[in-house]
>>> print(open('work.txt').read())   # compact mmCIF, C-alpha atoms
# COMPACT_ATOMS: atom_id res chain seq x y z
CA MET V 277 79.58 128.08 166.21
CA LYS V 278 82.31 125.41 166.53
CA LYS V 279 82.89 123.85 169.93
CA PRO V 280 86.31 124.63 171.46
CA PHE V 281 88.97 121.98 170.93
CA TYR V 282 89.45 121.34 174.67
CA PHE V 283 85.73 120.59 175.06
CA LEU V 284 85.85 117.95 172.33
CA LEU V 285 88.98 116.47 173.85
CA LEU V 286 87.34 116.27 177.28
CA LEU V 287 84.25 114.65 175.76
CA SER V 288 86.35 111.99 174.01
CA VAL V 289 88.17 111.19 177.27
CA ILE V 290 84.84 110.78 179.11
CA LEU V 291 83.50 108.47 176.42
CA GLU V 292 86.68 106.42 176.44
CA LEU V 293 86.59 106.02 180.21
CA GLY V 294 82.95 105.00 179.98
CA CYS V 295 83.84 102.25 177.51
CA GLU V 296 86.62 100.99 179.78
CA ASN V 297 84.21 100.65 182.70
CA LYS V 298 81.64 98.56 180.85
CA PRO V 299 80.92 95.11 182.31
CA THR V 300 83.24 92.35 181.09
CA ASN V 301 80.19 90.10 180.64
CA PRO V 302 78.27 91.29 177.54
CA GLN V 303 75.10 89.62 178.82
CA GLU V 304 75.11 91.73 181.97
CA SER V 305 72.57 94.52 182.25
CA VAL V 306 71.50 96.99 184.91
CA GLN V 307 70.88 95.11 188.14
CA SER V 308 67.22 94.47 188.95
CA ASN V 309 65.97 95.72 192.30
CA TRP V 310 65.25 92.16 193.46
CA GLU V 311 68.82 90.94 193.00
CA ILE V 312 71.28 90.68 195.87
CA GLY V 313 74.58 92.43 195.25
CA PRO V 314 76.70 93.49 193.52
CA PHE V 315 79.20 91.12 195.12
CA ILE V 316 82.88 92.00 195.26
CA LYS V 317 85.46 89.24 195.53
CA GLN V 318 87.87 89.77 198.40
CA ASP V 319 90.94 89.34 196.25
CA ALA V 320 93.37 90.51 198.93
CA GLU V 321 92.28 87.63 201.19
CA ASN V 322 91.13 84.93 198.75
CA PRO V 323 91.34 82.02 198.84
CA ILE V 324 90.29 82.17 202.49
CA LEU V 325 90.46 78.39 203.04
CA ILE V 326 92.95 75.90 201.59
CA PRO V 327 93.56 72.18 202.28
CA ASN V 328 95.57 71.23 205.37
CA PRO V 329 97.14 67.75 205.07
CA GLU V 330 98.13 67.83 208.74
CA LEU V 331 94.54 67.56 209.97
CA VAL V 332 94.01 63.86 210.73
CA PHE V 333 91.20 61.84 212.32
CA LEU V 334 90.38 58.18 212.89
CA ASP V 335 88.02 57.13 210.11
CA PRO V 336 85.31 54.91 211.68
CA VAL V 337 84.73 53.02 208.43
CA SER V 338 88.29 52.02 207.56
CA GLY V 339 89.68 52.22 211.09
CA GLU V 340 92.66 54.15 209.71
CA GLU V 341 94.14 57.54 210.53
CA THR V 342 93.04 59.76 207.63
CA ALA V 343 94.12 63.22 206.50
CA PHE V 344 90.53 64.16 205.77
CA GLU V 345 91.20 67.39 203.82
CA ALA V 346 94.58 66.63 202.31
CA ARG V 347 93.35 67.04 198.73
CA ASN V 348 90.63 69.72 198.54
CA VAL V 349 88.32 72.01 200.49
CA LEU V 350 85.30 73.32 198.61
CA ASN V 351 81.59 74.11 198.36
CA PRO V 352 80.77 75.51 201.82
CA SER V 353 77.56 76.46 203.57
CA ALA V 354 77.58 79.05 206.34
CA VAL V 355 75.53 80.22 209.32
CA VAL V 356 75.93 82.92 211.95
CA LYS V 357 75.94 81.60 215.51
CA ASP V 358 77.07 83.28 218.73
CA GLY V 359 78.31 86.29 216.80
CA LYS V 360 80.61 84.23 214.57
CA VAL V 361 80.45 82.87 211.05
CA HIS V 362 80.45 79.08 211.04
CA LEU V 363 81.65 77.74 207.71
CA ILE V 364 80.44 74.18 207.06
CA TYR V 365 82.53 72.93 204.19
CA ARG V 366 83.28 69.87 202.09
CA ALA V 367 86.68 68.31 202.78
CA GLN V 368 88.23 65.72 200.48
CA ASP V 369 91.02 63.24 201.25
CA GLN V 370 93.53 61.83 198.77
CA LYS V 371 91.16 58.94 197.94
CA MET V 372 88.51 61.53 196.94
CA THR V 373 86.23 60.60 199.85
CA SER V 374 84.32 63.66 201.06
CA ARG V 375 83.43 64.62 204.62
CA ILE V 376 81.98 67.79 206.11
CA ALA V 377 84.13 69.97 208.33
CA LEU V 378 83.70 73.20 210.32
CA ALA V 379 85.63 76.47 210.64
CA THR V 380 84.70 79.61 212.58
CA SER V 381 85.50 83.28 212.13
CA GLU V 382 85.10 86.56 214.01
CA ASP V 383 85.18 88.64 210.81
CA GLY V 384 83.83 86.28 208.13
CA ILE V 385 87.19 86.13 206.35
CA HIS V 386 89.84 84.63 208.66
CA PHE V 387 88.84 81.17 209.87
CA THR V 388 89.97 78.66 212.47
CA LYS V 389 89.29 75.04 211.56
CA GLU V 390 88.04 72.27 213.83
CA LYS V 391 90.61 69.50 214.12
CA GLU V 392 88.18 66.77 212.99
CA PRO V 393 85.24 66.66 210.57
CA ILE V 394 81.77 67.11 212.02
CA PHE V 395 79.84 64.89 209.60
CA PHE V 396 81.08 61.78 207.80
CA PRO V 397 80.28 58.19 206.82
CA LYS V 398 79.93 55.81 209.77
CA LYS V 399 78.94 52.20 210.21
CA ASP V 400 75.25 53.09 210.28
CA ASP V 401 72.14 52.67 208.13
CA MET V 402 73.39 55.35 205.70
CA LEU V 403 76.70 53.66 204.94
CA VAL V 404 75.21 51.90 201.93
CA TYR V 405 74.73 55.36 200.36
CA GLU V 406 77.90 57.03 201.68
CA ALA V 407 80.66 54.39 201.75
CA PHE V 408 82.44 55.10 198.48
CA GLY V 409 82.31 58.85 197.83
CA GLY V 410 81.22 60.09 201.24
CA VAL V 411 79.09 63.14 202.01
CA GLU V 412 79.23 66.30 199.92
CA ASP V 413 78.09 69.88 199.40
CA PRO V 414 76.32 70.91 202.63
CA ARG V 415 73.59 73.52 202.85
CA VAL V 416 72.44 74.52 206.34
CA VAL V 417 69.39 76.52 207.43
CA GLN V 418 67.42 76.77 210.68
CA GLY V 419 64.03 75.27 211.46
CA PRO V 420 61.15 76.87 213.39
CA ASN V 421 62.76 75.94 216.72
CA ARG V 422 66.14 77.21 215.51
CA GLU V 423 67.44 73.70 215.03
CA TYR V 424 69.83 73.25 212.12
CA ILE V 425 68.67 71.47 208.98
CA LEU V 426 71.43 70.08 206.76
CA THR V 427 70.84 68.99 203.19
CA TYR V 428 73.77 67.15 201.66
CA THR V 429 74.68 64.70 198.91
CA SER V 430 75.59 61.10 199.62
CA TYR V 431 77.55 59.29 196.93
CA ASP V 432 77.94 55.52 196.71
CA GLY V 433 80.19 55.55 193.66
CA LYS V 434 77.28 55.22 191.26
CA THR V 435 74.39 57.45 192.33
CA ALA V 436 74.25 60.78 194.11
CA ARG V 437 71.33 61.11 196.52
CA LEU V 438 70.03 64.23 198.22
CA CYS V 439 69.90 63.53 201.97
CA LEU V 440 69.02 65.34 205.18
CA ALA V 441 70.25 65.59 208.78
CA THR V 442 69.48 67.76 211.84
CA SER V 443 71.44 69.18 214.75
CA THR V 444 71.10 71.57 217.67
CA ASP V 445 74.77 72.59 217.85
CA LEU V 446 76.28 72.09 214.35
CA LYS V 447 78.51 69.30 215.67
CA GLU V 448 76.31 66.35 216.61
CA TRP V 449 74.02 65.31 213.77
CA THR V 450 71.07 62.96 213.33
CA LYS V 451 70.75 61.49 209.85
CA HIS V 452 67.24 61.19 208.38
CA GLY V 453 68.08 59.46 205.11
CA PRO V 454 67.42 60.39 201.47
CA VAL V 455 65.01 63.21 200.73
CA LEU V 456 63.49 61.25 197.84
CA LYS V 457 62.32 58.28 199.91
CA ASP V 458 59.57 57.16 197.55
CA PRO V 459 60.61 53.75 196.10
CA LYS V 460 60.17 55.05 192.55
CA ASN V 461 62.62 57.91 193.26
CA ILE V 462 65.09 56.41 195.76
CA ASN V 463 67.62 55.52 193.05
CA LEU V 464 67.27 58.72 191.05
CA TRP V 465 70.31 60.96 190.80
CA SER V 466 69.51 63.94 193.07
CA LYS V 467 71.63 66.73 194.57
CA SER V 468 71.78 70.23 196.01
CA GLY V 469 68.78 70.93 198.23
CA ALA V 470 68.15 74.66 198.79
CA ILE V 471 65.36 75.21 201.32
CA VAL V 472 63.26 78.39 201.14
CA VAL V 473 64.00 80.58 204.16
CA GLU V 474 62.95 83.90 205.63
CA GLN V 475 65.52 86.21 207.16
CA PHE V 476 65.30 87.09 210.86
CA GLY V 477 68.34 89.23 211.52
CA VAL V 478 71.32 86.92 211.02
CA GLU V 479 69.15 83.79 211.14
CA MET V 480 67.78 82.14 208.00
CA ARG V 481 64.73 80.12 209.07
CA ALA V 482 62.78 77.71 206.89
CA LYS V 483 59.65 79.43 205.62
CA LYS V 484 56.21 77.87 205.30
CA ILE V 485 54.26 78.93 202.22
CA ASP V 486 50.64 77.83 202.03
CA GLY V 487 51.25 75.43 204.93
CA LYS V 488 54.36 73.79 203.43
CA TYR V 489 58.11 74.13 203.48
CA TRP V 490 59.71 74.16 200.03
CA MET V 491 63.05 73.08 198.59
CA TYR V 492 64.69 73.53 195.18
CA PHE V 493 67.02 70.72 194.09
CA GLY V 494 68.73 69.23 191.04
CA ASP V 495 71.90 69.64 189.00
CA THR V 496 70.70 69.75 185.42
CA ASP V 497 67.18 71.14 185.65
CA LEU V 498 65.81 72.38 188.98
CA PHE V 499 62.94 70.55 190.62
CA MET V 500 61.02 71.07 193.87
CA ALA V 501 59.94 69.14 196.94
CA HIS V 502 57.66 70.17 199.82
CA SER V 503 57.24 69.12 203.43
CA THR V 504 55.15 69.86 206.49
CA ASN V 505 57.86 68.96 209.03
CA LEU V 506 61.21 69.54 207.25
CA ILE V 507 62.01 65.81 207.55
CA ASP V 508 59.61 64.04 205.19
CA TRP V 509 59.52 65.47 201.68
CA LYS V 510 57.32 64.92 198.65
CA VAL V 511 58.41 65.75 195.11
CA LEU V 512 56.37 68.26 193.12
CA GLU V 513 55.02 66.21 190.21
CA ASN V 514 53.06 66.66 187.03
CA GLU V 515 49.58 65.29 187.76
CA GLU V 516 49.15 63.79 184.30
CA ASN V 517 52.24 61.57 184.15
CA ASN V 518 53.65 61.72 187.71
CA THR V 519 57.00 63.08 186.56
CA MET V 520 58.99 65.73 188.40
CA VAL V 521 58.23 69.31 187.34
CA SER V 522 61.17 71.39 186.12
CA VAL V 523 60.97 74.95 187.47
CA LEU V 524 64.30 76.22 186.08
CA HIS V 525 66.20 74.85 183.11
CA PRO V 526 69.31 75.54 181.00
CA ARG V 527 69.14 78.15 178.21
CA PRO V 528 70.99 77.74 174.89
CA GLY V 529 73.27 80.69 174.17
CA TYR V 530 73.69 81.72 177.80
CA PHE V 531 76.16 81.01 180.60
CA ASP V 532 73.69 78.44 181.95
CA SER V 533 73.39 76.50 178.68
CA ARG V 534 74.62 73.16 180.10
CA LEU V 535 73.02 72.91 183.56
CA VAL V 536 71.58 74.82 186.51
CA GLU V 537 72.02 73.94 190.20
CA PRO V 538 70.98 75.71 193.43
CA GLY V 539 73.44 77.87 195.30
CA PRO V 540 72.70 78.71 198.96
CA TYR V 541 69.22 78.63 200.52
CA ALA V 542 66.42 80.37 198.59
CA LEU V 543 65.59 83.68 200.26
CA TRP V 544 61.89 84.58 200.65
CA THR V 545 60.81 88.22 200.59
CA LYS V 546 57.39 89.75 200.05
CA ASP V 547 58.47 90.58 196.50
CA GLY V 548 59.50 87.03 195.65
CA ILE V 549 61.95 84.22 196.34
CA ASN V 550 65.53 84.94 195.32
CA LEU V 551 67.44 81.84 194.27
CA ILE V 552 71.13 82.34 193.60
CA TYR V 553 72.05 79.46 191.33
CA ASN V 554 75.13 77.86 189.82
CA ALA V 555 75.34 77.16 186.12
CA SER V 556 77.62 75.50 183.61
CA ASN V 557 78.38 76.65 180.09
CA ALA V 558 77.79 74.06 177.37
CA ALA V 559 80.33 73.05 174.74
CA ASN V 560 78.02 74.23 171.95
CA ASN V 561 75.26 76.86 171.76
CA ASN V 562 76.82 78.52 174.79
CA ASP V 563 78.04 81.89 176.03
CA PRO V 564 81.09 82.46 173.79
CA ASN V 565 82.69 84.75 176.38
CA LEU V 566 83.30 81.84 178.77
CA PRO V 567 85.29 78.63 178.22
CA LYS V 568 83.12 75.55 177.78
CA PHE V 569 81.96 73.94 181.05
CA THR V 570 82.72 77.10 183.06
CA TYR V 571 80.78 77.32 186.32
CA ALA V 572 79.39 80.80 186.95
CA ALA V 573 76.38 82.01 188.96
CA GLY V 574 73.17 83.90 188.26
CA GLN V 575 69.98 84.75 190.14
CA ALA V 576 66.33 83.82 189.63
CA LEU V 577 63.16 85.22 191.17
CA PHE V 578 60.16 83.01 191.97
CA SER V 579 56.72 83.99 193.25
CA ALA V 580 56.48 84.61 197.00
CA SER V 581 53.19 82.67 197.17
CA LYS V 582 53.82 80.13 194.39
CA PRO V 583 57.47 79.09 194.75
CA TYR V 584 57.33 77.00 191.57
CA GLN V 585 56.39 80.03 189.43
CA LEU V 586 59.36 81.77 187.82
CA ILE V 587 59.00 85.56 187.60
CA ASP V 588 62.37 86.81 186.43
CA ARG V 589 65.91 85.66 185.78
CA THR V 590 69.21 87.39 185.16
CA LYS V 591 70.53 87.31 181.61
CA GLY V 592 74.12 87.32 182.79
CA TYR V 593 76.31 85.89 185.53
CA PHE V 594 77.46 87.95 188.49
CA ILE V 595 80.47 85.84 189.48
CA TYR V 596 82.74 83.71 187.31
CA PRO V 597 86.31 82.34 187.35
CA ASP V 598 88.92 84.99 186.59
CA LYS V 599 91.68 84.17 189.08
CA ASP V 600 94.28 81.43 188.73
CA TYR V 601 92.96 79.49 191.76
CA GLU V 602 89.44 79.63 190.24
CA LYS V 603 90.54 78.61 186.77
CA ILE V 604 92.95 75.76 187.61
CA GLY V 605 92.41 73.00 190.17
CA GLU V 606 90.66 69.67 190.67
CA VAL V 607 88.05 70.90 188.17
CA ASN V 608 89.06 73.89 186.06
CA GLU V 609 87.03 77.07 185.52
CA VAL V 610 84.79 76.89 188.61
CA CYS V 611 83.19 79.43 190.93
CA PHE V 612 80.54 77.41 192.78
CA VAL V 613 78.49 79.46 195.26
CA GLU V 614 76.92 77.60 198.14
CA GLY V 615 77.02 79.55 201.41
CA MET V 616 75.67 82.99 202.29
CA VAL V 617 75.26 84.85 205.56
CA PHE V 618 74.10 88.30 206.60
CA PHE V 619 76.89 89.42 208.92
CA LYS V 620 77.94 92.86 210.15
CA ASP V 621 75.27 94.40 207.89
CA GLN V 622 76.74 92.83 204.75
CA TRP V 623 76.13 89.75 202.63
CA PHE V 624 79.04 87.30 202.67
CA LEU V 625 78.89 84.80 199.80
CA TYR V 626 81.20 81.77 200.07
CA TYR V 627 82.16 79.72 197.04
CA GLY V 628 84.36 76.84 195.92
CA THR V 629 87.20 77.70 193.57
CA ALA V 630 88.13 75.10 190.94
CA ASP V 631 86.81 72.44 193.37
CA SER V 632 90.02 72.95 195.36
CA LYS V 633 89.83 75.98 197.67
CA ILE V 634 87.27 78.43 199.10
CA GLY V 635 86.76 82.13 198.43
CA VAL V 636 84.40 84.88 199.60
CA ALA V 637 82.66 87.81 197.94
CA ILE V 638 80.87 90.59 199.86
CA ALA V 639 77.87 92.78 199.03
CA GLU V 640 76.53 95.78 200.90
CA LYS V 641 73.05 95.56 202.39
>>> encode(input="work.txt", output="structure tokens")
Amino acid sequence: MKKPFYFLLLLSVILELGCENKPTNPQESVQSNWEIGPFIKQDAENPILIPNPELVFLDPVSGEETAFEARNVLNPSAVVKDGKVHLIYRAQDQKMTSRIALATSEDGIHFTKEKEPIFFPKKDDMLVYEAFGGVEDPRVVQGPNREYILTYTSYDGKTARLCLATSTDLKEWTKHGPVLKDPKNINLWSKSGAIVVEQFGVEMRAKKIDGKYWMYFGDTDLFMAHSTNLIDWKVLENEENNTMVSVLHPRPGYFDSRLVEPGPYALWTKDGINLIYNASNAANNNDPNLPKFTYAAGQALFSASKPYQLIDRTKGYFIYPDKDYEKIGEVNEVCFVEGMVFFKDQWFLYYGTADSKIGVAIAEK
């Protein structure tokens, strides 16, 4: 018996709608149960932070009044404190010197900026590392006593160095120098320290695993360091040749074919450690659906007891540049995720857009 015409018509409409709703990323698949998300960009509000050339402070190095975020705001970290989201972000002046500034929000979307940066180069022991390019790309977590641990990048015009500082109030900071203090590593290019944390409500506290704190770092391959006190760190090395061990690396043919770099903190759960990571698409042997050198983000899962052991990894990206302010700016084609908070029973993910502005995406619990 032939099916009625209207039934076939309805079936074709359903199939057509199904095709229209397929993911735009052909590498995407059904989300694994360990992934955080899906995240939805807040397009009606984004970008939520833009440069303000009227914010000026007295630079202690030059002695000059400086519009410290006249050029760009980008790559923020975030914490929840006193019922507010505190956005700790990178601010860049017209000379391309970076400092770290602070903005607060009652709703996680609309922010009020502090009038001066909270962390910047001074005439101190760290000036030799920070004088030219400044301090970049903050990531903030809490320690066992709820103190704040800041990993950041110092740049002297030649070498980027992963560094660390601590604070009790997010405004006054004590610098502890480069993370890679060993003389054989002190001059290595190092960036982007994502400490493994455990969630306690809205607080993300550094987590000890087998008696050690752990940190992912790097901006080509990902490496690891461990510490017993969150101040002094030792690189995870290959015992045979004393070289750093790569725990996550680029993949030809994928969105992360050029490099991988940590996003926010790495979140420990009993099922594993979720590391949201940034990635860049290579010029060749890349994901053909993205322009070359596009920055998009994926997620990786490491063992809960062996943080250097990779268990799973997304085949596709979950956020990528598709808005004008993400595609065109200081660096084109960039969504760079770096801050995440659990706030009002949702995940707020903050990211730099084209190295020029800041956006937010939200996921349900």
>>> atom_distance(input="work.txt", atom1="atom CA of Lys620 of chain V", atom2="atom CA of Gly313 of chain V")
15.3 Å
>>> closest_residue(input="work.txt", among="V:Gly615, V:Gly529, V:Pro459, V:Pro314", to="Val361 of chain V", atoms="only C-alpha atoms")
V:Gly615
>>> residues_around(input="work.txt", residues="segment 418-422 of chain V", least_positions_apart="3", cutoff="9 Å", atoms="all atoms listed in the file", output="PyMOL selection string")
chain V and resi 355+425-426+444+473+479-483+506
>>> closest_residue(input="work.txt", among="V:Asp413, V:Asp598, V:Glu392, V:Asp458", to="Asn328 of chain V", atoms="only C-alpha atoms")
V:Glu392
>>> closest_residue(input="work.txt", among="V:Tyr584, V:Phe578, V:Phe531, V:Phe387", to="Ala559 of chain V", atoms="only C-alpha atoms")
V:Phe531
>>> closest_residue(input="work.txt", among="V:Glu423, V:Glu382, V:Glu640, V:Glu341", to="Ile316 of chain V", atoms="all atoms listed in the file")
V:Glu640
